[in-house]
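*Asks:* So here's my_file-v7.cif (mmCIF, C-alpha atoms).
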data_model
#
loop_
_atom_site.label_atom_id
_atom_site.label_comp_id
_atom_site.auth_asym_id
_atom_site.auth_seq_id
_atom_site.Cartn_x
_atom_site.Cartn_y
_atom_site.Cartn_z
CA MET A 1 -54.88 -24.13 -67.58
CA ASN A 2 -52.37 -26.96 -67.71
CA LEU A 3 -50.52 -27.48 -64.42
CA LYS A 4 -48.02 -30.21 -65.31
CA SER A 5 -46.52 -31.04 -61.92
CA ALA A 6 -45.24 -29.55 -58.68
CA HIS A 7 -41.75 -28.16 -59.26
CA HIS A 8 -40.62 -27.19 -55.78
CA THR A 9 -41.64 -26.34 -52.25
CA GLY A 10 -39.92 -23.26 -50.82
CA PHE A 11 -38.91 -22.73 -47.21
CA VAL A 12 -37.44 -19.57 -45.68
CA VAL A 13 -34.53 -20.62 -43.46
CA GLY A 14 -32.39 -18.81 -40.91
CA ASN A 15 -29.01 -20.13 -42.09
CA LEU A 16 -28.59 -21.65 -45.55
CA GLU A 17 -25.54 -23.76 -44.68
CA ASP A 18 -27.21 -25.25 -41.57
CA SER A 19 -30.30 -26.13 -43.60
CA ILE A 20 -28.29 -27.67 -46.44
CA ASP A 21 -26.48 -29.79 -43.84
CA PHE A 22 -29.79 -30.93 -42.29
CA TYR A 23 -31.46 -31.86 -45.58
CA THR A 24 -28.38 -33.55 -47.08
CA ARG A 25 -26.47 -35.09 -44.17
CA VAL A 26 -29.32 -35.81 -41.75
CA LEU A 27 -32.14 -36.61 -44.21
CA GLY A 28 -29.83 -38.04 -46.90
CA LEU A 29 -31.18 -35.90 -49.75
CA THR A 30 -29.04 -34.44 -52.56
CA LEU A 31 -27.98 -30.84 -53.14
CA ALA A 32 -29.41 -30.16 -56.61
CA ILE A 33 -28.59 -26.45 -57.02
CA GLU A 34 -25.58 -24.94 -55.25
CA PRO A 35 -26.09 -21.84 -53.06
CA SER A 36 -26.57 -18.71 -55.12
CA PRO A 37 -24.80 -15.44 -54.46
CA TRP A 38 -26.74 -12.77 -52.55
CA ALA A 39 -29.26 -10.97 -54.77
CA ASP A 40 -30.98 -7.64 -54.17
CA GLY A 41 -32.45 -4.66 -55.98
CA PRO A 42 -35.73 -2.98 -56.87
CA GLY A 43 -36.94 -5.84 -59.07
CA LEU A 44 -36.49 -8.32 -56.23
CA ASP A 45 -38.22 -5.97 -53.78
CA ALA A 46 -41.18 -5.57 -56.15
CA GLY A 47 -41.44 -9.31 -56.78
CA LEU A 48 -41.33 -10.18 -53.08
CA GLY A 49 -43.35 -7.24 -51.77
CA LEU A 50 -40.45 -6.19 -49.52
CA ASN A 51 -38.18 -3.21 -49.04
CA GLY A 52 -34.41 -3.76 -48.92
CA ALA A 53 -34.53 -7.52 -49.50
CA ARG A 54 -31.36 -9.57 -49.90
CA ILE A 55 -31.75 -13.26 -50.59
CA ARG A 56 -29.77 -16.30 -51.55
CA SER A 57 -31.00 -19.81 -52.15
CA ALA A 58 -30.15 -23.44 -52.83
CA SER A 59 -32.27 -26.42 -53.85
CA ILE A 60 -32.40 -29.95 -52.51
CA ALA A 61 -33.61 -32.86 -54.68
CA VAL A 62 -36.27 -35.21 -53.38
CA GLY A 63 -36.40 -38.17 -55.75
CA THR A 64 -36.18 -37.34 -59.43
CA SER A 65 -38.78 -34.63 -59.91
CA THR A 66 -39.26 -32.58 -56.74
CA LEU A 67 -37.12 -29.83 -55.23
CA ILE A 68 -37.04 -28.12 -51.86
CA GLU A 69 -35.92 -24.52 -52.36
CA LEU A 70 -34.19 -23.12 -49.27
CA VAL A 71 -34.19 -19.31 -49.16
CA GLU A 72 -32.16 -17.23 -46.70
CA PHE A 73 -33.06 -13.56 -46.29
CA GLY A 74 -30.72 -10.77 -45.37
CA HIS A 75 -32.36 -7.63 -44.02
CA ALA A 76 -35.85 -6.90 -45.37
CA THR A 77 -39.05 -5.24 -44.18
CA PRO A 78 -42.57 -5.89 -45.43
CA ALA A 79 -43.82 -3.38 -47.99
CA VAL A 80 -47.40 -4.10 -46.90
CA SER A 81 -48.95 -5.45 -43.73
CA ALA A 82 -49.49 -9.21 -43.80
CA PRO A 83 -51.65 -11.34 -41.49
CA LYS A 84 -49.82 -13.33 -38.83
CA ARG A 85 -49.84 -17.11 -38.84
CA ASP A 86 -51.74 -18.77 -36.03
CA GLY A 87 -49.19 -21.51 -35.36
CA LEU A 88 -51.21 -24.35 -36.88
CA ARG A 89 -49.11 -26.86 -38.79
CA THR A 90 -50.98 -26.41 -42.03
CA ALA A 91 -48.07 -26.02 -44.45
CA HIS A 92 -45.56 -28.84 -44.57
CA MET A 93 -43.67 -31.20 -46.86
CA CYS A 94 -44.20 -34.93 -46.51
CA PHE A 95 -41.67 -37.67 -47.31
CA GLU A 96 -42.90 -41.18 -48.07
CA VAL A 97 -40.87 -43.90 -46.35
CA ASP A 98 -41.06 -47.70 -46.18
CA ASP A 99 -40.94 -47.84 -42.36
CA ALA A 100 -42.03 -44.75 -40.41
CA VAL A 101 -41.04 -46.16 -37.01
CA ALA A 102 -37.52 -47.14 -38.09
CA THR A 103 -37.00 -43.84 -39.94
CA ARG A 104 -38.15 -41.88 -36.88
CA GLU A 105 -35.67 -43.78 -34.70
CA GLU A 106 -32.83 -43.13 -37.15
CA LEU A 107 -33.63 -39.41 -37.29
CA LEU A 108 -33.99 -39.20 -33.49
CA ALA A 109 -30.45 -40.63 -33.22
CA ASN A 110 -29.33 -37.66 -35.37
CA GLY A 111 -30.95 -35.12 -33.04
CA VAL A 112 -34.09 -34.47 -35.09
CA ARG A 113 -37.05 -33.18 -33.07
CA PHE A 114 -40.42 -34.92 -33.47
CA THR A 115 -43.81 -33.66 -32.32
CA SER A 116 -45.10 -37.11 -31.32
CA GLU A 117 -44.73 -40.85 -31.67
CA VAL A 118 -45.73 -42.40 -35.00
CA ASN A 119 -49.50 -42.22 -35.48
CA VAL A 120 -51.61 -44.88 -37.24
CA ILE A 121 -54.81 -44.02 -39.11
CA ALA A 122 -57.46 -46.38 -37.76
CA GLU A 123 -60.19 -46.26 -40.40
CA GLY A 124 -61.24 -44.89 -43.75
CA PRO A 125 -59.47 -44.90 -47.10
CA GLN A 126 -56.07 -44.34 -45.45
CA ALA A 127 -56.51 -47.00 -42.74
CA GLY A 128 -53.15 -48.44 -41.72
CA TRP A 129 -51.11 -45.47 -42.92
CA LYS A 130 -48.50 -44.32 -40.40
CA TRP A 131 -47.43 -40.69 -40.07
CA VAL A 132 -45.45 -38.37 -37.82
CA TYR A 133 -44.40 -34.71 -37.93
CA PHE A 134 -40.86 -33.50 -37.27
CA LEU A 135 -39.06 -30.16 -37.38
CA ASP A 136 -36.08 -28.86 -39.30
CA PRO A 137 -33.57 -26.43 -37.70
CA ASP A 138 -35.94 -23.50 -38.40
CA ASP A 139 -38.99 -25.30 -36.94
CA ILE A 140 -40.41 -25.91 -40.41
CA THR A 141 -42.84 -28.78 -40.16
CA LEU A 142 -41.97 -31.90 -42.15
CA GLU A 143 -43.75 -35.26 -42.16
CA LEU A 144 -42.95 -38.91 -42.66
CA ILE A 145 -45.68 -41.13 -44.12
CA GLU A 146 -45.75 -44.90 -44.50
CA VAL A 147 -48.51 -45.81 -46.95
CA SER A 148 -49.98 -49.28 -46.45
CA LYS A 149 -50.50 -50.99 -49.76
#
Could you take the file, read its structure, and then write that structure out as structure tokens?
*Replies:*
Amino acid sequence: MNLKSAHHTGFVVGNLEDSIDFYTRVLGLTLAIEPSPWADGPGLDAGLGLNGARIRSASIAVGTSTLIELVEFGHATPAVSAPKRDGLRTAHMCFEVDDAVATREELLANGVRFTSEVNVIAEGPQAGWKWVYFLDPDDITLELIEVSK
């Protein structure tokens, strides 16, 4: 197996335009792939494990080699039963920044919701690193990290 690199992280969003606005205007990232038209059909249903799926998507560039794929669903129902998430913030995307405190303040001024103040790792191999979680319009967990050199 030869996994070359991570290509994208995908998030299901409630409203594609609102999410594009958040990631481009508020976070200052770049729209890399324009919104697609709505897609549907048996092939899509089979690939997603859904019945009656309609989706459209767009991608946001993070730096030069990473994409965030934003996917909006129209009506769909699960084809099979899936376990429910327990609410833990286990899946997230993290953005490295030079100053976590200043970036948090800037995002707060734009109405972004944070789960806490900036945290500092006290010991171990990441001692001095600063991190904080925040939420996008769909309550998707994102993170800022300031890596001490």
*Asks:* For each of A:Phe22, A:Phe11, A:Phe73, A:Phe95, take the minimum atom-to-atom distance to Pro137 (chain A), counting all atoms listed in the file, then give the residue where this is smallest.
*Replies:*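 Among the listed residues, the smallest separation from Pro137 (chain A) belongs to A:Phe22.
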*Asks:* Quick one: of A:Leu16, A:Leu67, A:Leu108, A:Val118, who's nearest to Leu135 (chain A), counting all atoms listed in the file?
*Replies:* A:Leu108
*Asks:* If you apply the PyMOL selection byres ((chain A and resi 57-64) around 8) to this file, what residues do you get, as a PyMOL selection string?
*Replies:* chain A and resi 16+20+23-24+29-37+55-56+65-72
*Asks:* Evaluate the PyMOL selection byres ((chain A and resi 92) around 6) and record the selected residues as a tab-separated table (two decimals) with C-alpha atoms, in the coordinates of the input, following the chain and residue labels used in the document.
*Replies:*
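The resulting file, expr19.tsv, is shown below:
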chain	number	residue	atom	x	y	z
A	91	ALA	CA	-48.07	-26.02	-44.45
A	93	MET	CA	-43.67	-31.20	-46.86
A	141	THR	CA	-42.84	-28.78	-40.16
A	142	LEU	CA	-41.97	-31.90	-42.15
*Asks:* Using all atoms listed in the file, which residues sit within 12 Å of Ala127 (chain A) once same-chain residues fewer than 3 positions away are excluded, as an MDAnalysis selection string?
*Replies:* chainID A and resid 119:124 130:131 146:149
*Asks:* Would you mind exporting the chosen residues as a short mmCIF file (atom, residue, chain, number, x, y, z; two decimals), in the frame of the given file, restricted to C-alpha atoms?
*Replies:*
data_model
loop_
_atom_site.label_atom_id
_atom_site.label_comp_id
_atom_site.auth_asym_id
_atom_site.auth_seq_id
_atom_site.Cartn_x
_atom_site.Cartn_y
_atom_site.Cartn_z
CA ASN A 119 -49.50 -42.22 -35.48
CA VAL A 120 -51.61 -44.88 -37.24
CA ILE A 121 -54.81 -44.02 -39.11
CA ALA A 122 -57.46 -46.38 -37.76
CA GLU A 123 -60.19 -46.26 -40.40
CA GLY A 124 -61.24 -44.89 -43.75
CA LYS A 130 -48.50 -44.32 -40.40
CA TRP A 131 -47.43 -40.69 -40.07
CA GLU A 146 -45.75 -44.90 -44.50
CA VAL A 147 -48.51 -45.81 -46.95
CA SER A 148 -49.98 -49.28 -46.45
CA LYS A 149 -50.50 -50.99 -49.76
#
*Asks:* Record the distance separating CA of Gly128 (chain A) and CA of Val97 (chain A), expressed in Å with one decimal.
*Replies:*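 Between these atoms lies a distance of 13.9 Å.
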*Asks:* Which residue is closest to Leu50 (chain A)? Choose from A:Gly28, A:His75, A:Arg104, A:Thr9 and count only C-alpha atoms.
*Replies:*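 Smallest separation from Leu50 (chain A) among the options: A:His75.
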